[in-house]
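**Student:** Have a peek at query_7.cif (mmCIF, C-alpha atoms and all ligand atoms).
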data_coords
loop_
_atom_site.label_atom_id
_atom_site.label_comp_id
_atom_site.auth_asym_id
_atom_site.auth_seq_id
_atom_site.Cartn_x
_atom_site.Cartn_y
_atom_site.Cartn_z
CA MET Y 807 174.58 123.97 157.05
CA SER Y 808 173.10 124.62 160.42
CA LEU Y 809 172.82 121.91 163.03
CA ARG Y 810 169.36 123.35 163.69
CA GLN Y 811 168.09 121.79 160.46
CA ARG Y 812 169.07 118.24 161.36
CA PRO Y 813 166.95 115.55 162.97
CA ARG Y 814 167.41 115.42 166.75
CA PRO Y 815 168.39 112.52 168.96
CA GLN Y 816 165.47 111.14 170.94
CA ALA Y 817 166.18 110.46 174.61
CA ASP Y 818 164.66 107.35 176.12
CA ARG Y 819 164.07 106.30 179.74
CA ASP Y 820 167.71 105.34 180.32
CA SER Y 821 169.45 108.03 178.29
CA ALA Y 822 167.35 111.06 179.34
CA PRO Y 823 169.61 111.94 182.33
CA TRP Y 824 172.66 111.64 180.08
CA TRP Y 825 171.17 114.04 177.52
CA GLU Y 826 170.24 116.46 180.30
CA ALA Y 827 173.87 116.40 181.51
CA VAL Y 828 175.16 116.97 177.97
CA ARG Y 829 172.87 119.98 177.82
CA ARG Y 830 174.83 121.32 180.86
CA HIS Y 831 178.10 120.47 179.04
CA GLU Y 832 178.80 117.54 181.35
CA LEU Y 833 179.84 114.14 180.05
CA LEU Y 834 178.64 111.39 182.37
CA LEU Y 835 178.87 107.63 182.65
CA GLN Y 836 176.89 105.20 184.75
CA ARG Y 837 178.78 103.48 187.57
CA CYS Y 838 177.22 100.25 188.82
CA ALA Y 839 176.48 100.38 192.55
CA GLY Y 840 176.88 96.61 192.75
CA CYS Y 841 180.31 96.07 191.20
CA GLY Y 842 181.63 99.52 190.27
CA THR Y 843 181.74 98.88 186.52
CA LEU Y 844 181.44 101.97 184.33
CA ARG Y 845 179.04 101.69 181.42
CA PHE Y 846 177.88 103.51 178.32
CA PRO Y 847 175.46 103.77 176.61
CA PRO Y 848 173.04 104.22 179.52
CA ARG Y 849 170.99 101.16 180.43
CA ALA Y 850 169.00 99.86 183.38
CA VAL Y 851 170.93 96.67 184.13
CA CYS Y 852 174.64 96.05 184.72
CA ASN Y 853 175.99 93.57 182.15
CA ARG Y 854 178.51 92.27 184.69
CA CYS Y 855 176.50 91.71 187.90
CA ARG Y 856 172.88 92.38 186.83
CA SER Y 857 172.43 95.10 189.46
CA LEU Y 858 169.72 97.68 188.82
CA GLU Y 859 171.45 100.25 191.06
CA TYR Y 860 173.85 102.84 189.66
CA ALA Y 861 175.02 106.42 189.99
CA TRP Y 862 176.09 108.97 187.39
CA THR Y 863 179.77 109.90 187.46
CA PRO Y 864 181.80 112.38 185.39
CA ALA Y 865 183.76 111.03 182.43
CA ALA Y 866 187.22 112.34 181.60
CA GLY Y 867 185.95 113.73 178.30
CA THR Y 868 188.89 112.29 176.42
CA GLY Y 869 189.49 109.21 174.34
CA ARG Y 870 191.05 107.78 171.22
CA VAL Y 871 189.56 107.18 167.80
CA TYR Y 872 188.58 103.52 167.55
CA SER Y 873 186.86 103.70 164.17
CA TRP Y 874 185.13 106.15 161.87
CA ILE Y 875 183.23 106.67 158.66
CA VAL Y 876 183.46 109.60 156.28
CA ASN Y 877 180.01 110.35 154.92
CA HIS Y 878 179.85 111.67 151.37
CA GLN Y 879 176.14 111.06 150.83
CA VAL Y 880 173.65 113.94 151.10
CA PHE Y 881 170.91 112.14 153.02
CA LEU Y 882 168.98 115.35 153.70
CA PRO Y 883 168.89 118.54 151.60
CA SER Y 884 169.88 120.52 154.70
CA MET Y 885 173.18 118.57 154.81
CA ALA Y 886 174.23 119.41 151.25
CA ASP Y 887 177.00 121.78 152.31
CA GLU Y 888 178.25 119.51 155.13
CA VAL Y 889 179.64 116.57 153.19
CA PRO Y 890 182.07 115.06 153.52
CA PHE Y 891 182.01 114.78 157.31
CA ALA Y 892 183.40 112.17 159.68
CA VAL Y 893 181.47 110.30 162.36
CA LEU Y 894 183.78 108.84 165.01
CA LEU Y 895 183.55 105.90 167.34
CA VAL Y 896 185.69 106.97 170.29
CA ARG Y 897 187.09 104.60 172.92
CA LEU Y 898 186.92 106.63 176.13
CA ASP Y 899 189.98 106.94 178.35
CA ASP Y 900 187.69 105.91 181.24
CA GLY Y 901 187.58 102.28 180.05
CA ASP Y 902 188.39 100.05 177.10
CA ASP Y 903 184.79 98.95 176.57
CA LEU Y 904 183.31 102.46 176.74
CA LEU Y 905 182.58 103.64 173.20
CA MET Y 906 180.87 106.87 172.25
CA TYR Y 907 179.83 108.29 168.87
CA GLY Y 908 180.09 111.84 167.61
CA ASN Y 909 181.13 113.96 164.67
CA LEU Y 910 184.70 115.12 164.13
CA VAL Y 911 185.08 118.89 164.49
CA ASP Y 912 187.93 121.39 164.08
CA ALA Y 913 189.81 119.08 161.69
CA ALA Y 914 189.46 117.52 158.26
CA PRO Y 915 188.76 113.79 157.98
CA ASP Y 916 192.22 113.17 156.50
CA VAL Y 917 193.80 113.65 159.95
CA LEU Y 918 192.03 110.52 161.21
CA ARG Y 919 194.01 107.44 162.19
CA PRO Y 920 193.36 104.67 164.69
CA GLY Y 921 194.27 105.80 168.20
CA LEU Y 922 194.17 109.54 167.46
CA PRO Y 923 193.67 111.33 170.82
CA VAL Y 924 190.45 113.36 170.90
CA GLU Y 925 188.47 115.38 173.41
CA ALA Y 926 184.76 115.97 173.74
CA VAL Y 927 183.27 119.33 172.83
CA PHE Y 928 179.66 120.36 173.23
CA ALA Y 929 177.66 121.85 170.36
CA ASP Y 930 174.54 123.70 171.45
CA VAL Y 931 172.05 123.20 168.62
CA ASP Y 932 169.23 125.20 170.21
CA ASP Y 933 167.58 125.73 173.60
CA GLU Y 934 166.79 122.02 173.95
CA THR Y 935 169.53 120.05 172.25
CA THR Y 936 173.27 119.79 172.74
CA LEU Y 937 175.43 117.26 170.91
CA VAL Y 938 178.75 115.71 171.87
CA GLN Y 939 181.39 116.09 169.17
CA TRP Y 940 185.09 115.27 169.13
CA ARG Y 941 188.20 117.22 168.19
CA PRO Y 942 191.83 116.14 168.04
CA ARG Y 943 193.92 117.03 171.09
ZN ZN V 1 177.56 95.67 188.28
#
Can you dump the structure from the file as structure tokens?
**Tutor:**
Amino acid sequence: MSLRQRPRPQADRDSAPWWEAVRRHELLLQRCAGCGTLRFPPRAVCNRCRSLEYAWTPAAGTGRVYSWIVNHQVFLPSMADEVPFAVLLVRLDDGDDLLMYGNLVDAAPDVLRPGLPVEAVFADVDDETTLVQWRPR
């Protein structure tokens, strides 16, 4: 199946700069200007100090599998030849409370175990959309 046939993520006010960076194959995090805390997913307010000021900073692009699901259900006809596929929740190496989703690529789901080291890869779907996926490292 082609990624082109899938529904697309919809950027919102806070995540739009993140999606634009992903389009450039850059993985970014927000760093609070008030207390320095890194955060993801993007949001307007720091959970720690309530500051509204932040800057975007590069993420390492690596992490470890925290959890996952293996989808066997064909939710859309265009996904019929994709199942089963694994969707990962990755704990970023940048911080214990930084969790990011993405599909597993370049490996079968049976390699998955808690703590498996992974790295981000960028999948260009079309001229407007790029997705973050994860492969074992
Ligand atoms: Zn803060």
**Student:** With a distance cut-off of 9 Å and only C-alpha atoms, select the neighbouring residues of segment 917-928 of chain Y, excluding the residue or stretch itself and same-chain residues fewer than 3 positions from it, and output the selection as a list in words.
**Tutor:** Val828, Arg829, His831, Glu832, Leu833, Ala866, Gly867, Thr868, Gly869, Arg870, Val871, Tyr872, Ser873, Trp874, Ala892, Val896, Arg897, Gly908, Val911, Ala913, Ala914, Thr936, Leu937, Val938, Gln939, Trp940, Arg941, Pro942 and Arg943 of chain Y
**Student:** Please produce an output containing C-alpha atoms for each residue in the selection, written as a PDB file, in the frame of the given file.
**Tutor:**
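The resulting selection.pdb:
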ATOM      1  CA  VAL Y 828     175.160 116.970 177.970  1.00  0.00           C
ATOM      2  CA  ARG Y 829     172.870 119.980 177.820  1.00  0.00           C
ATOM      3  CA  HIS Y 831     178.100 120.470 179.040  1.00  0.00           C
ATOM      4  CA  GLU Y 832     178.800 117.540 181.350  1.00  0.00           C
ATOM      5  CA  LEU Y 833     179.840 114.140 180.050  1.00  0.00           C
ATOM      6  CA  ALA Y 866     187.220 112.340 181.600  1.00  0.00           C
ATOM      7  CA  GLY Y 867     185.950 113.730 178.300  1.00  0.00           C
ATOM      8  CA  THR Y 868     188.890 112.290 176.420  1.00  0.00           C
ATOM      9  CA  GLY Y 869     189.490 109.210 174.340  1.00  0.00           C
ATOM     10  CA  ARG Y 870     191.050 107.780 171.220  1.00  0.00           C
ATOM     11  CA  VAL Y 871     189.560 107.180 167.800  1.00  0.00           C
ATOM     12  CA  TYR Y 872     188.580 103.520 167.550  1.00  0.00           C
ATOM     13  CA  SER Y 873     186.860 103.700 164.170  1.00  0.00           C
ATOM     14  CA  TRP Y 874     185.130 106.150 161.870  1.00  0.00           C
ATOM     15  CA  ALA Y 892     183.400 112.170 159.680  1.00  0.00           C
ATOM     16  CA  VAL Y 896     185.690 106.970 170.290  1.00  0.00           C
ATOM     17  CA  ARG Y 897     187.090 104.600 172.920  1.00  0.00           C
ATOM     18  CA  GLY Y 908     180.090 111.840 167.610  1.00  0.00           C
ATOM     19  CA  VAL Y 911     185.080 118.890 164.490  1.00  0.00           C
ATOM     20  CA  ALA Y 913     189.810 119.080 161.690  1.00  0.00           C
ATOM     21  CA  ALA Y 914     189.460 117.520 158.260  1.00  0.00           C
ATOM     22  CA  THR Y 936     173.270 119.790 172.740  1.00  0.00           C
ATOM     23  CA  LEU Y 937     175.430 117.260 170.910  1.00  0.00           C
ATOM     24  CA  VAL Y 938     178.750 115.710 171.870  1.00  0.00           C
ATOM     25  CA  GLN Y 939     181.390 116.090 169.170  1.00  0.00           C
ATOM     26  CA  TRP Y 940     185.090 115.270 169.130  1.00  0.00           C
ATOM     27  CA  ARG Y 941     188.200 117.220 168.190  1.00  0.00           C
ATOM     28  CA  PRO Y 942     191.830 116.140 168.040  1.00  0.00           C
ATOM     29  CA  ARG Y 943     193.920 117.030 171.090  1.00  0.00           C
TER      30      ARG Y 943
END
**Student:** Name the closest residue to Leu835 of chain Y among the candidates Y:Leu895, Y:Leu858, Y:Val851, Y:Leu904; distances are taken between atoms, counting all atoms listed in the file.
**Tutor:**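 Closest candidate: Y:Leu904.
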**Student:** Counting all atoms listed in the file, which of Y:Val931, Y:Ala850, Y:Val889, Y:Ala822 gets nearest to ligand ZN 1 (chain V)?
**Tutor:** Y:Ala850
**Student:** Could you list the protein, DNA and RNA residues that have any atom within 8 Å of ligand ZN 1 (chain V), counting only C-alpha atoms and all ligand atoms, and write them as a list in words?
**Tutor:**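 Here is the list of contacting residues: Arg837, Cys838, Ala839, Gly840, Cys841, Gly842, Thr843, Val851, Cys852, Asn853, Arg854, Cys855, Arg856 and Ser857 of chain Y.
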**Student:** Quick one: 8 Å padding each side, axis-aligned, all listed atoms of segment 909-914 of chain Y - centre and edge lengths in Å to one decimal, as lines of an AutoDock Vina configuration file?
**Tutor:**
center_x = 185.5
center_y = 117.7
center_z = 161.5
size_x = 24.7
size_y = 23.4
size_z = 22.4
**Student:** As a PDB file with C-alpha atoms, keeping the file's coordinate frame, please: the residues near Arg819 of chain Y (cut-off 12 Å, only C-alpha atoms, same-chain neighbours under 3 positions excluded).
**Tutor:**
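Wrote it out as around-v3.pdb, contents follow:
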ATOM      1  CA  GLN Y 816     165.470 111.140 170.940  1.00  0.00           C
ATOM      2  CA  ALA Y 822     167.350 111.060 179.340  1.00  0.00           C
ATOM      3  CA  PRO Y 823     169.610 111.940 182.330  1.00  0.00           C
ATOM      4  CA  TRP Y 824     172.660 111.640 180.080  1.00  0.00           C
ATOM      5  CA  TRP Y 825     171.170 114.040 177.520  1.00  0.00           C
ATOM      6  CA  GLU Y 826     170.240 116.460 180.300  1.00  0.00           C
ATOM      7  CA  PRO Y 848     173.040 104.220 179.520  1.00  0.00           C
ATOM      8  CA  ARG Y 849     170.990 101.160 180.430  1.00  0.00           C
ATOM      9  CA  ALA Y 850     169.000  99.860 183.380  1.00  0.00           C
TER      10      ALA Y 850
END
**Student:** Rounded to one decimal in Å, what is the spacing between atom CA of Leu910 of chain Y and atom CA of Thr863 of chain Y?
**Tutor:**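 Between these atoms lies a distance of 24.4 Å.
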**Student:** What's the separation between atom CA of Leu894 of chain Y and atom CA of Ala861 of chain Y, in Å to one decimal place?
**Tutor:**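 Pair atom CA of Leu894 of chain Y / atom CA of Ala861 of chain Y returns 26.6 Å.
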**Student:** Have a look at Y:Asp887, Y:Arg830, Y:Glu934, Y:Pro864 and name the one nearest to Leu844 of chain Y; count all atoms listed in the file.
**Tutor:**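 Using all atoms listed in the file, the shortest distance to Leu844 of chain Y belongs to Y:Pro864.
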**Student:** With distances taken over only C-alpha atoms, which residue among Y:Arg812, Y:Asp820, Y:Leu834, Y:Ala865 lies nearest Leu898 of chain Y?
**Tutor:**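 Residue with the minimum atom-to-atom distance to Leu898 of chain Y: Y:Ala865.
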**Student:** Between Y:Phe846, Y:Gln811, Y:Asp932, Y:Asp818, which is the closest to Gly901 of chain Y once you count all atoms listed in the file?
**Tutor:**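 The shortest atom-to-atom distance to Gly901 of chain Y comes from Y:Phe846.
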**Student:** Suppose you want the space between atom CA of Asp903 of chain Y and atom CA of Pro915 of chain Y; what is it in Å?
**Tutor:**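 About the pair atom CA of Asp903 of chain Y and atom CA of Pro915 of chain Y: they are 24.1 Å apart.
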**Student:** Given the choices Y:Met885, Y:Tyr860, Y:Asp899, Y:Tyr907, which gets closest to Pro847 of chain Y if the distance is worked out from all atoms listed in the file?
**Tutor:**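 Result for the nearest residue to Pro847 of chain Y: Y:Tyr907.
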